[in-house]
file my_file.cif (mmCIF, C-alpha atoms)
data_final
#
loop_
_atom_site.label_atom_id
_atom_site.label_comp_id
_atom_site.auth_asym_id
_atom_site.auth_seq_id
_atom_site.Cartn_x
_atom_site.Cartn_y
_atom_site.Cartn_z
CA MET A 1 107.26 45.75 126.17
CA LEU A 2 103.80 44.98 124.85
CA VAL A 3 103.17 45.13 121.11
CA TRP A 4 99.65 45.31 119.72
CA GLY A 5 98.85 44.09 116.22
CA PRO A 6 96.96 46.11 113.60
CA GLY A 7 93.45 46.90 114.74
CA GLN A 8 94.13 45.81 118.34
CA SER A 9 93.86 48.04 121.36
CA GLN A 10 95.22 47.92 124.89
CA ASN A 11 91.70 47.19 126.17
CA GLN A 12 91.50 44.08 123.97
CA TYR A 13 94.81 42.88 125.38
CA VAL A 14 93.61 43.38 128.95
CA ILE A 15 90.40 41.40 128.26
CA VAL A 16 92.26 38.48 126.68
CA SER A 17 94.89 38.63 129.40
CA LYS A 18 92.27 38.41 132.17
CA GLN A 19 90.52 35.54 130.39
CA HIS A 20 93.74 33.54 130.53
CA ARG A 21 93.47 33.56 134.32
CA LEU A 22 90.13 31.73 134.34
CA ARG A 23 90.07 28.01 134.97
CA ALA A 24 89.25 25.92 131.90
CA ASP A 25 85.96 24.68 133.38
CA LEU A 26 84.81 28.24 134.08
CA LYS A 27 85.62 29.26 130.52
CA ALA A 28 83.60 26.35 129.17
CA SER A 29 80.65 27.19 131.44
CA ILE A 30 80.35 30.60 129.76
CA PHE A 31 78.94 28.81 126.72
CA ASN A 32 76.29 26.77 128.50
CA GLY A 33 73.25 26.89 126.20
CA TYR A 34 75.35 27.97 123.22
CA PRO A 35 74.43 26.05 120.02
CA LYS A 36 76.83 23.15 119.79
CA PHE A 37 79.13 22.14 116.98
CA PRO A 38 78.57 21.49 114.13
CA GLU A 39 75.16 23.23 113.91
CA THR A 40 76.86 26.56 114.61
CA PRO A 41 80.62 26.31 113.96
CA LEU A 42 82.81 27.47 116.82
CA HIS A 43 85.43 29.04 114.58
CA ARG A 44 85.03 32.44 116.20
CA ILE A 45 85.67 31.09 119.67
CA VAL A 46 88.57 28.95 118.51
CA GLY A 47 90.08 31.93 116.72
CA VAL A 48 90.24 34.17 119.80
CA SER A 49 93.40 32.59 121.16
CA ARG A 50 95.19 29.31 121.64
CA CYS A 51 93.78 29.20 125.15
CA TRP A 52 90.18 29.33 123.92
CA ARG A 53 90.95 26.83 121.19
CA ASP A 54 92.14 24.40 123.84
CA VAL A 55 88.95 24.97 125.85
CA VAL A 56 86.77 24.01 122.87
CA TRP A 57 88.98 21.18 121.63
CA ASN A 58 89.27 19.50 125.02
CA ASN A 59 85.77 20.00 126.48
CA PRO A 60 83.36 17.14 125.59
CA SER A 61 80.26 19.32 125.98
CA PHE A 62 81.07 21.13 122.72
CA TRP A 63 80.93 17.87 120.74
CA THR A 64 77.73 16.19 121.90
CA SER A 65 75.32 17.31 119.13
CA ILE A 66 75.74 14.83 116.28
CA LYS A 67 74.30 15.46 112.81
CA VAL A 68 74.05 12.49 110.44
CA THR A 69 73.49 14.18 107.08
CA PRO A 70 74.68 13.65 103.47
CA ILE A 71 77.22 16.48 103.83
CA GLN A 72 78.70 15.11 107.06
CA GLY A 73 82.18 13.66 106.60
CA GLU A 74 82.79 10.22 108.10
CA ASN A 75 86.19 11.17 109.52
CA LEU A 76 84.84 14.39 111.01
CA LEU A 77 81.98 12.47 112.60
CA LYS A 78 84.36 9.97 114.17
CA GLU A 79 86.57 12.80 115.44
CA GLN A 80 83.55 14.48 116.99
CA LEU A 81 82.53 11.24 118.71
CA LYS A 82 86.08 10.86 120.02
CA ARG A 83 86.17 14.40 121.41
CA SER A 84 82.79 13.89 123.14
CA ARG A 85 84.45 11.21 125.31
CA LYS A 86 81.83 9.77 127.67
CA ALA A 87 79.35 12.67 127.48
CA LEU A 88 75.69 12.01 126.57
CA LEU A 89 74.90 12.52 122.89
CA ASP A 90 72.03 14.13 120.96
CA ILE A 91 71.69 12.54 117.49
CA TRP A 92 69.89 13.97 114.44
CA ILE A 93 69.39 11.97 111.24
CA GLU A 94 67.99 14.24 108.54
CA ASP A 95 68.13 15.62 104.98
CA TRP A 96 68.34 12.25 103.20
CA ASP A 97 65.22 12.76 101.08
CA HIS A 98 66.99 13.42 97.75
CA HIS A 99 70.20 11.53 98.44
CA ARG A 100 70.45 7.86 97.53
CA ILE A 101 74.05 7.45 98.72
CA TYR A 102 73.23 4.40 100.77
CA ASP A 103 76.84 3.33 101.32
CA LYS A 104 77.68 6.63 102.98
CA PHE A 105 74.54 6.47 105.08
CA ARG A 106 75.49 3.00 106.30
CA ALA A 107 79.03 4.17 107.12
CA LEU A 108 77.77 7.08 109.22
CA LEU A 109 75.20 4.86 110.94
CA ASP A 110 77.92 2.31 111.73
CA ALA A 111 79.97 5.09 113.30
CA ILE A 112 77.31 6.17 115.81
CA VAL A 113 75.80 2.78 116.73
CA PRO A 114 78.72 1.70 119.00
CA HIS A 115 77.96 4.78 121.12
CA ALA A 116 74.27 3.92 121.65
CA THR A 117 74.76 3.58 125.41
CA ARG A 118 75.45 7.35 125.45
CA TRP A 119 72.50 8.48 123.32
CA ARG A 120 70.37 10.99 125.20
CA SER A 121 68.09 11.77 122.25
CA LEU A 122 67.58 10.45 118.72
CA THR A 123 65.67 12.48 116.14
CA ILE A 124 64.85 11.23 112.64
CA SER A 125 63.22 14.09 110.77
CA ASP A 126 62.27 15.48 107.36
CA SER A 127 61.42 13.46 104.30
CA ILE A 128 63.59 10.37 103.99
CA GLU A 129 63.82 7.38 101.69
CA LEU A 130 61.94 4.29 102.86
CA GLU A 131 65.08 2.20 102.41
CA PHE A 132 66.86 4.38 104.96
CA VAL A 133 63.96 4.20 107.42
CA GLU A 134 63.96 0.41 107.29
CA SER A 135 67.74 0.34 107.73
CA ILE A 136 67.59 2.59 110.79
CA LEU A 137 64.83 0.59 112.48
CA THR A 138 66.54 -2.72 111.73
CA GLU A 139 69.76 -1.45 113.29
CA LEU A 140 68.02 0.01 116.34
CA ASN A 141 66.12 -3.18 117.09
CA HIS A 142 69.38 -4.83 118.14
CA LEU A 143 70.31 -2.06 120.56
CA SER A 144 69.85 -1.24 124.20
CA VAL A 145 69.79 2.51 124.83
CA PRO A 146 69.71 2.84 128.63
CA VAL A 147 69.88 6.65 128.91
CA LEU A 148 67.72 7.56 125.90
CA ARG A 149 65.21 10.20 127.03
CA GLU A 150 63.75 11.23 123.68
CA PHE A 151 63.03 9.36 120.45
CA SER A 152 61.37 11.27 117.63
CA MET A 153 60.62 9.91 114.17
CA ASP A 154 58.87 12.83 112.52
CA ILE A 155 59.10 12.17 108.81
CA TRP A 156 56.82 12.61 105.85
CA ASP A 157 56.66 11.14 102.36
CA ASP A 158 54.35 9.16 100.09
CA PHE A 159 55.13 5.83 101.75
CA ASP A 160 52.22 3.58 100.93
CA SER A 161 53.98 0.75 102.74
CA LEU A 162 55.16 2.71 105.77
CA PRO A 163 52.14 1.88 107.96
CA TYR A 164 53.16 -1.76 107.64
CA LEU A 165 56.56 -1.21 109.25
CA PRO A 166 56.54 -2.83 112.68
CA TYR A 167 56.71 -0.92 115.92
CA PRO A 168 60.42 -0.71 116.94
CA ASP A 169 61.33 -3.51 119.34
CA PHE A 170 63.97 -1.43 121.09
CA LEU A 171 61.29 0.91 122.50
CA SER A 172 60.62 -1.34 125.46
CA PRO A 173 60.95 -0.86 129.24
CA THR A 174 64.06 -3.07 129.31
CA ARG A 175 65.91 -1.43 126.41
CA THR A 176 64.87 2.21 126.89
CA PRO A 177 64.08 2.43 130.61
CA ALA A 178 64.65 6.22 130.74
CA LEU A 179 62.47 7.21 127.74
CA GLN A 180 60.33 10.27 128.50
CA HIS A 181 59.45 11.77 125.11
CA LEU A 182 58.21 9.74 122.11
CA THR A 183 57.05 10.91 118.67
CA LEU A 184 56.07 8.43 115.95
CA ARG A 185 55.02 10.01 112.65
CA PRO A 186 53.92 8.70 110.23
CA SER A 187 52.05 5.74 111.60
CA LEU A 188 53.62 2.33 112.17
CA GLN A 189 52.05 -0.94 113.20
CA LEU A 190 50.84 -0.30 116.72
CA ASP A 191 49.39 -3.73 117.50
CA THR A 192 52.25 -4.36 119.94
CA PHE A 193 52.49 -0.80 121.23
CA MET A 194 52.22 -0.21 124.96
CA ALA A 195 53.03 3.25 126.32
CA LEU A 196 55.97 3.18 128.70
CA PRO A 197 55.25 4.25 132.30
CA THR A 198 58.17 6.71 132.10
CA LEU A 199 56.67 8.73 129.22
CA LYS A 200 55.89 12.41 129.79
CA THR A 201 55.09 13.41 126.20
CA LEU A 202 53.66 11.18 123.47
CA HIS A 203 52.73 11.80 119.82
CA LEU A 204 51.16 8.93 117.86
CA ASN A 205 49.78 8.73 114.33
CA PHE A 206 47.08 6.18 113.49
CA ALA A 207 46.62 4.81 109.98
CA GLN A 208 43.27 3.59 108.70
CA ALA A 209 42.82 0.06 110.00
CA ASP A 210 40.27 -2.72 109.61
CA ASP A 211 40.85 -3.67 113.25
CA PRO A 212 40.90 -0.53 115.41
CA PRO A 213 43.69 -0.48 118.01
CA PRO A 214 42.95 -0.99 121.73
CA VAL A 215 43.64 2.66 122.54
CA ILE A 216 42.70 2.52 126.21
CA SER A 217 44.97 -0.41 127.07
CA MET A 218 47.75 1.12 124.96
CA LEU A 219 47.73 4.41 126.86
CA THR A 220 46.74 3.38 130.39
CA PRO A 221 50.30 2.49 131.55
CA ALA A 222 51.50 6.05 130.81
CA GLN A 223 50.33 7.58 134.07
CA SER A 224 53.10 10.22 133.97
CA LEU A 225 52.00 11.81 130.69
CA THR A 226 51.78 15.60 130.69
CA SER A 227 51.33 16.06 126.91
CA LEU A 228 49.49 13.80 124.45
CA ILE A 229 49.06 14.25 120.67
CA LEU A 230 46.98 11.80 118.64
CA ASP A 231 46.37 12.18 114.93
CA GLY A 232 45.03 10.13 112.06
CA ASP A 233 42.07 7.80 111.70
CA SER A 234 39.95 7.12 114.79
CA ILE A 235 36.89 5.65 113.07
CA GLY A 236 35.79 2.47 114.80
CA TRP A 237 37.55 3.12 118.10
CA SER A 238 35.71 1.35 120.88
CA LEU A 239 35.94 3.63 123.90
CA LYS A 240 33.85 3.82 127.04
CA ARG A 241 32.97 7.06 128.76
CA ASN A 242 35.51 8.11 131.43
CA ASP A 243 37.50 4.91 130.83
CA LEU A 244 40.96 6.48 130.51
CA TYR A 245 42.35 8.22 133.59
CA SER A 246 45.39 10.43 133.06
CA PRO A 247 46.18 12.11 136.39
CA LEU A 248 49.04 14.39 135.23
CA LEU A 249 47.97 15.23 131.66
CA GLU A 250 48.06 19.00 131.02
CA GLU A 251 48.02 19.34 127.23
CA LEU A 252 45.90 17.34 124.77
CA THR A 253 45.98 17.67 120.97
CA LEU A 254 43.59 15.64 118.81
CA TYR A 255 44.06 15.70 115.03
CA LEU A 256 41.55 12.87 114.73
CA ASN A 257 38.73 12.55 112.21
CA ARG A 258 36.48 11.57 115.13
CA PRO A 259 37.78 13.25 118.31
CA MET A 260 34.57 13.02 120.32
CA PRO A 261 34.86 9.36 121.50
CA PHE A 262 38.29 10.09 122.94
CA LEU A 263 37.09 13.27 124.66
CA GLU A 264 34.27 11.25 126.19
CA ALA A 265 36.74 8.61 127.41
CA ILE A 266 39.52 10.79 128.85
CA VAL A 267 39.52 11.97 132.47
CA ALA A 268 42.32 14.44 133.14
CA PRO A 269 41.95 16.60 136.28
CA LYS A 270 45.03 18.74 135.47
CA LEU A 271 44.18 19.38 131.82
CA TRP A 272 44.40 23.08 130.88
CA TYR A 273 45.09 23.08 127.11
CA VAL A 274 43.14 21.37 124.30
CA ARG A 275 43.74 21.63 120.56
CA CYS A 276 41.16 19.78 118.53
CA TRP A 277 39.77 19.19 115.06
CA ILE A 278 36.06 19.99 115.00
CA CYS A 279 34.19 17.87 112.48
CA VAL A 280 30.69 17.69 114.00
CA PRO A 281 30.25 20.50 116.59
CA THR A 282 26.84 19.24 117.64
CA GLU A 283 28.48 16.12 119.14
CA PHE A 284 29.87 18.23 121.96
CA ASN A 285 26.48 18.23 123.70
CA THR A 286 27.46 14.83 125.12
CA ILE A 287 30.31 16.34 127.21
CA GLU A 288 28.69 19.59 128.35
CA GLY A 289 30.66 21.05 131.27
CA LYS A 290 33.18 18.19 131.37
CA PHE A 291 36.34 20.22 130.83
CA ARG A 292 35.73 23.07 133.26
CA ASP A 293 39.42 23.61 134.05
CA VAL A 294 40.56 23.94 130.43
CA TYR A 295 41.35 27.60 129.91
CA ASP A 296 43.37 27.50 126.65
CA LEU A 297 41.49 26.15 123.61
CA SER A 298 42.55 25.86 119.96
CA LEU A 299 39.88 24.86 117.42
CA ILE A 300 40.38 23.64 113.85
CA PHE A 301 37.11 23.27 111.94
CA CYS A 302 37.50 20.62 109.23
CA CYS A 303 34.22 21.53 107.56
CA GLU A 304 32.29 24.71 106.82
CA ASP A 305 29.33 23.55 108.85
CA ASP A 306 30.14 24.83 112.33
CA ARG A 307 26.60 24.70 113.68
CA GLY A 308 26.37 23.56 117.24
CA ALA A 309 28.98 26.05 118.41
CA GLU A 310 26.97 26.60 121.58
CA SER A 311 27.45 22.95 122.58
CA LEU A 312 31.16 23.25 121.96
CA CYS A 313 31.43 26.34 124.15
CA ARG A 314 29.50 24.69 126.97
CA ALA A 315 31.90 21.72 126.94
CA PHE A 316 34.75 24.10 127.90
CA PRO A 317 33.06 26.72 130.10
CA GLY A 318 36.25 28.07 131.69
CA VAL A 319 38.05 29.20 128.52
CA ARG A 320 40.21 32.32 128.85
CA GLN A 321 42.18 32.00 125.61
CA VAL A 322 40.85 30.66 122.30
CA ARG A 323 42.44 30.21 118.88
CA LEU A 324 40.38 29.65 115.75
CA SER A 325 40.08 30.69 112.13
CA SER A 326 38.58 34.04 111.28
CA TRP A 327 36.53 32.20 108.64
CA ASN A 328 34.46 30.46 111.33
CA THR A 329 32.10 33.40 111.43
CA SER A 330 29.19 31.62 113.13
CA PHE A 331 31.16 31.98 116.34
CA PHE A 332 30.76 35.74 115.91
CA MET A 333 27.75 36.23 113.65
CA ALA A 334 25.15 33.94 115.22
CA GLY A 335 22.63 36.25 116.81
CA ILE A 336 23.68 39.30 114.78
CA HIS A 337 21.06 40.58 112.36
CA ALA A 338 22.18 41.54 108.84
CA SER A 339 21.72 45.19 109.78
CA GLY A 340 24.22 44.77 112.61
CA VAL A 341 21.60 44.73 115.33
CA LEU A 342 22.40 42.22 118.10
CA GLU A 343 19.42 39.92 118.67
CA ARG A 344 21.25 37.53 121.04
CA ARG A 345 24.79 37.00 122.17
CA PRO A 346 26.95 34.90 119.78
CA PRO A 347 28.20 31.50 121.02
CA ILE A 348 31.70 32.78 121.79
CA ASP A 349 30.25 35.09 124.44
CA GLN A 350 29.19 32.09 126.50
CA TRP A 351 32.72 32.18 127.88
CA PRO A 352 32.43 34.72 130.72
CA ASN A 353 36.16 34.58 131.49
CA LEU A 354 37.38 35.06 127.92
CA GLU A 355 40.44 37.33 127.71
CA THR A 356 42.30 36.58 124.45
CA VAL A 357 41.18 35.57 120.95
CA THR A 358 43.78 34.56 118.35
CA LEU A 359 42.46 34.50 114.79
CA ASP A 360 44.26 32.56 112.06
CA GLY A 361 43.38 32.73 108.37
CA SER A 362 43.20 36.52 108.11
CA HIS A 363 44.70 37.66 104.79
CA SER A 364 44.01 39.98 101.89
CA ARG A 365 41.36 37.67 100.35
CA TRP A 366 39.56 37.60 103.68
CA LEU A 367 39.63 41.41 103.89
CA GLY A 368 38.32 41.71 100.35
CA HIS A 369 35.49 39.30 101.14
CA TRP A 370 34.13 41.33 104.04
CA GLU A 371 35.28 44.86 103.18
CA LEU A 372 34.02 47.00 106.08
CA ASP A 373 31.07 44.70 106.84
CA ASP A 374 33.29 42.62 109.09
CA PRO A 375 31.77 40.06 111.49
CA ILE A 376 34.60 40.44 113.98
CA VAL A 377 34.11 44.21 114.19
CA LYS A 378 30.35 43.70 114.59
CA TRP A 379 30.90 41.15 117.33
CA LEU A 380 33.41 43.29 119.25
CA ARG A 381 31.17 46.34 118.98
CA GLY A 382 28.25 44.29 120.28
CA ARG A 383 30.34 43.14 123.26
CA GLN A 384 31.29 46.71 124.03
CA GLU A 385 27.70 47.94 123.80
CA SER A 386 26.59 45.09 126.09
CA GLY A 387 29.10 46.08 128.75
CA LEU A 388 31.23 42.93 128.41
CA SER A 389 34.96 43.09 129.11
CA GLN A 390 37.29 44.29 126.39
CA LEU A 391 39.31 41.50 124.78
CA ARG A 392 42.86 41.14 123.54
CA VAL A 393 42.57 40.17 119.85
CA ARG A 394 45.61 38.70 118.07
CA LEU A 395 45.78 38.77 114.26
CA PRO A 396 48.53 37.50 111.96
CA GLN A 397 50.35 40.04 109.87
CA ILE A 398 48.32 40.57 106.67
CA GLU A 399 49.80 41.33 103.26
CA ALA A 400 47.31 43.83 101.86
CA ASP A 401 46.88 47.41 100.74
CA GLU A 402 48.36 49.50 103.55
CA GLU A 403 45.62 52.15 103.53
CA ARG A 404 42.84 49.55 103.70
CA LEU A 405 44.72 47.67 106.39
CA LEU A 406 45.14 50.76 108.57
CA ILE A 407 41.42 51.50 108.32
CA TYR A 408 40.59 47.94 109.34
CA TYR A 409 43.02 47.99 112.27
CA ALA A 410 41.57 51.32 113.42
CA LEU A 411 38.05 49.84 113.39
CA LEU A 412 39.18 46.91 115.50
CA GLU A 413 41.14 49.04 117.97
CA ARG A 414 37.96 50.93 118.87
CA HIS A 415 36.61 47.78 120.47
CA CYS A 416 39.61 45.66 121.57
CA ASN A 417 43.28 45.58 122.47
CA LEU A 418 44.74 44.64 119.08
CA GLU A 419 47.99 42.71 118.67
CA ILE A 420 49.59 41.81 115.33
CA PHE A 421 51.84 38.75 115.39
CA THR A 422 54.27 37.37 112.84
CA SER A 423 54.93 33.90 114.28
CA PRO A 424 52.28 31.17 114.74
CA THR A 425 52.82 30.84 118.50
#
call {"tool": "encode", "arguments": {"input": "my_file.cif", "output": "structure tokens"}}
result
Amino acid sequence: MLVWGPGQSQNQYVIVSKQHRLRADLKASIFNGYPKFPETPLHRIVGVSRCWRDVVWNNPSFWTSIKVTPIQGENLLKEQLKRSRKALLDIWIEDWDHHRIYDKFRALLDAIVPHATRWRSLTISDSIELEFVESILTELNHLSVPVLREFSMDIWDDFDSLPYLPYPDFLSPTRTPALQHLTLRPSLQLDTFMALPTLKTLHLNFAQADDPPPVISMLTPAQSLTSLILDGDSIGWSLKRNDLYSPLLEELTLYLNRPMPFLEAIVAPKLWYVRCWICVPTEFNTIEGKFRDVYDLSLIFCCEDDRGAESLCRAFPGVRQVRLSSWNTSFFMAGIHASGVLERRPPIDQWPNLETVTLDGSHSRWLGHWELDDPIVKWLRGRQESGLSQLRVRLPQIEADEERLLIYYALLERHCNLEIFTSPT
């Protein structure tokens, strides 16, 4: 005789009964890609039946994501490490910005260090006390992490002394021979830095320095890079034209106060995406036509003077997708008479293959500034009247008067394929 409890049905019994017949490894494979404990507790799975509880309790893959936070219990952390057995581990150290419980931090750090040979990734993120940063780096410098694929120190705070922290010794070819992804923010001392040949992605931050770093020799060994992000101070960099060859680089992001010397130096035949601060647009006349294969471009103007936009466009003649601020109106207005009459095509129309324009910075204040005399509408209408292809225009969701917003969207939709997005991607 079968007895069902309150709220249970015969169908539920059949499902659970059939699940009991699956091998344990097949049951575990169902949750491949499922967020691991303790980020998303597995109480629901464990509560299904004793069988499922045993699957979770005895499968190391459920215990490989390790969070080192102020609310993490030391005993729970040790139990998690025990249950992970010999599986590779992903470590996060975070949320210590307002917690000065140094003894607990040391205890948790001491618990994970003996397992360093199993670390697959180590992420130190969020704001964190300088004392903790120094403690972590001191501990790591004694380690060898043979299977570490990713190291990310992406922290922020008002650390006046942080740029004087030395580059971690453990990030060397002998101690981290498998490292593929490296992020170092904020800036450290980079006088001993040499990019590892195994790196595929690299993000470096440069502090202001009296002696500029030897950027070319630092980056040249990384011939496997596919993504490179550089930010900070680049004043005084001594770079020669076409002096840095990066054969596999596909994505380049430059948050530098002087990006042009690096753009002149880099040679990247597979490059298709560039995101760049634009401080002096007229400088781009020195690299006209250089990046013909770049088709995705993101521009951040760090000043209101965006003259020289034509030079910038000619440097990337193959652009199909561009992202910029809607406040950079010279990209649209140059060549448009105050009456709306088109005297010459605006700089943005130098891109014959342009398909998509994403405009950041559109909000209620921006709408109120232009009312219906909108440069984007004028530009799109001019394109349409000139017989140019219709574009896909992406705008962020705007918090504004609904009636005014609908009128504005209707004006745009006459001349483009309009898309409203809520996320920054």
call {"tool": "resolve_selection", "arguments": {"input": "my_file.cif", "expression": "the PyMOL selection byres ((chain A and resi 176-180) around 8)", "output": "number ranges by chain"}}
result
A: 144-151, 170-175, 181-182, 196, 198-201
call {"tool": "residues_around", "arguments": {"input": "my_file.cif", "residues": "Thr286 (chain A)", "least_positions_apart": "3", "cutoff": "9 Å", "atoms": "all atoms listed in the file", "output": "list in words"}}
result
Met260, Glu264, Thr282, Glu283, Ser311 and Ala315 of chain A
call {"tool": "residues_around", "arguments": {"input": "my_file.cif", "residues": "Ser246 (chain A)", "least_positions_apart": "6", "cutoff": "7 Å", "atoms": "all atoms listed in the file", "output": "ChimeraX atom specification"}}
result
/A:223,267-268
call {"tool": "residues_around", "arguments": {"input": "my_file.cif", "residues": "region 97-111 of chain A", "least_positions_apart": "3", "cutoff": "9 Å", "atoms": "only C-alpha atoms", "output": "tab-separated table (two decimals) with C-alpha atoms, keeping the file's coordinate frame"}}
result
chain	number	residue	atom	x	y	z
A	68	VAL	CA	74.05	12.49	110.44
A	69	THR	CA	73.49	14.18	107.08
A	70	PRO	CA	74.68	13.65	103.47
A	72	GLN	CA	78.70	15.11	107.06
A	73	GLY	CA	82.18	13.66	106.60
A	74	GLU	CA	82.79	10.22	108.10
A	77	LEU	CA	81.98	12.47	112.60
A	78	LYS	CA	84.36	9.97	114.17
A	81	LEU	CA	82.53	11.24	118.71
A	94	GLU	CA	67.99	14.24	108.54
A	114	PRO	CA	78.72	1.70	119.00
A	115	HIS	CA	77.96	4.78	121.12
A	126	ASP	CA	62.27	15.48	107.36
A	127	SER	CA	61.42	13.46	104.30
A	128	ILE	CA	63.59	10.37	103.99
A	129	GLU	CA	63.82	7.38	101.69
A	131	GLU	CA	65.08	2.20	102.41
A	132	PHE	CA	66.86	4.38	104.96
A	135	SER	CA	67.74	0.34	107.73
A	136	ILE	CA	67.59	2.59	110.79
A	139	GLU	CA	69.76	-1.45	113.29
A	157	ASP	CA	56.66	11.14	102.36
call {"tool": "closest_residue", "arguments": {"input": "my_file.cif", "among": "A:Ile300, A:Leu263, A:Val113, A:Leu184", "to": "Cys279 (chain A)", "atoms": "only C-alpha atoms"}}
result
A:Ile300
call {"tool": "atom_distance", "arguments": {"input": "my_file.cif", "atom1": "CA of Leu248 (chain A)", "atom2": "CA of Glu288 (chain A)"}}
result
22.1 Å
call {"tool": "atom_distance", "arguments": {"input": "my_file.cif", "atom1": "CA of Val357 (chain A)", "atom2": "CA of Pro259 (chain A)"}}
result
22.7 Å
call {"tool": "atom_distance", "arguments": {"input": "my_file.cif", "atom1": "CA of Leu252 (chain A)", "atom2": "CA of Arg323 (chain A)"}}
result
14.6 Å
call {"tool": "resolve_selection", "arguments": {"input": "my_file.cif", "expression": "the PyMOL selection byres ((chain A and resi 194) around 12)", "output": "list in words"}}
result
Tyr167, Pro168, Asp169, Leu171, Ser172, Pro173, Leu182, Gln189, Leu190, Asp191, Thr192, Phe193, Ala195, Leu196, Pro197, Thr198, Leu199, Leu202, Leu204, Pro213, Pro214, Val215, Ile216, Ser217, Met218, Leu219, Thr220, Pro221 and Ala222 of chain A
call {"tool": "resolve_selection", "arguments": {"input": "my_file.cif", "expression": "the PyMOL selection byres ((chain A and resi 383) around 12)", "output": "PyMOL selection string"}}
result
chain A and resi 332+336+341-342+344-346+348-350+352+354+376-382+384-391+414-416
call {"tool": "closest_residue", "arguments": {"input": "my_file.cif", "among": "A:Tyr295, A:Phe301, A:Phe316, A:Trp57", "to": "Asn328 (chain A)", "atoms": "all atoms listed in the file"}}
result
A:Phe301
call {"tool": "axis_aligned_box", "arguments": {"input": "my_file.cif", "around": "region 274-282 of chain A", "padding_each_side": "8 Å", "output": "AutoDock Vina command-line options"}}
result
--center_x 35.3 --center_y 19.7 --center_z 118.4 --size_x 32.9 --size_y 19.9 --size_z 27.8
call {"tool": "residues_around", "arguments": {"input": "my_file.cif", "residues": "Ser326 (chain A)", "least_positions_apart": "6", "cutoff": "6 Å", "atoms": "all atoms listed in the file", "output": "ChimeraX atom specification"}}
result
/A:359-361
call {"tool": "write_last_selection", "arguments": {"input": "my_file.cif", "atoms": "C-alpha atoms", "output": "mmCIF file, keeping the file's coordinate frame"}}
result
data_model
loop_
_atom_site.group_PDB
_atom_site.id
_atom_site.type_symbol
_atom_site.label_atom_id
_atom_site.label_comp_id
_atom_site.auth_asym_id
_atom_site.auth_seq_id
_atom_site.Cartn_x
_atom_site.Cartn_y
_atom_site.Cartn_z
ATOM 1 C CA LEU A 359 42.460 34.500 114.790
ATOM 2 C CA ASP A 360 44.260 32.560 112.060
ATOM 3 C CA GLY A 361 43.380 32.730 108.370
#
call {"tool": "closest_residue", "arguments": {"input": "my_file.cif", "among": "A:Asp95, A:Glu251, A:Glu134, A:Asp293", "to": "Lys67 (chain A)", "atoms": "only C-alpha atoms"}}
result
A:Asp95
call {"tool": "closest_residue", "arguments": {"input": "my_file.cif", "among": "A:Ser227, A:Thr253, A:Ser298, A:Gln397", "to": "Ile420 (chain A)", "atoms": "only C-alpha atoms"}}
result
A:Gln397
call {"tool": "residues_around", "arguments": {"input": "my_file.cif", "residues": "Ile66 (chain A)", "least_positions_apart": "4", "cutoff": "8 Å", "atoms": "all atoms listed in the file", "output": "PyMOL selection string"}}
result
chain A and resi 38+77+80+89-92
call {"tool": "closest_residue", "arguments": {"input": "my_file.cif", "among": "A:Trp351, A:Asp296, A:Asn205, A:Glu250", "to": "Asp233 (chain A)", "atoms": "only C-alpha atoms"}}
result
A:Asn205
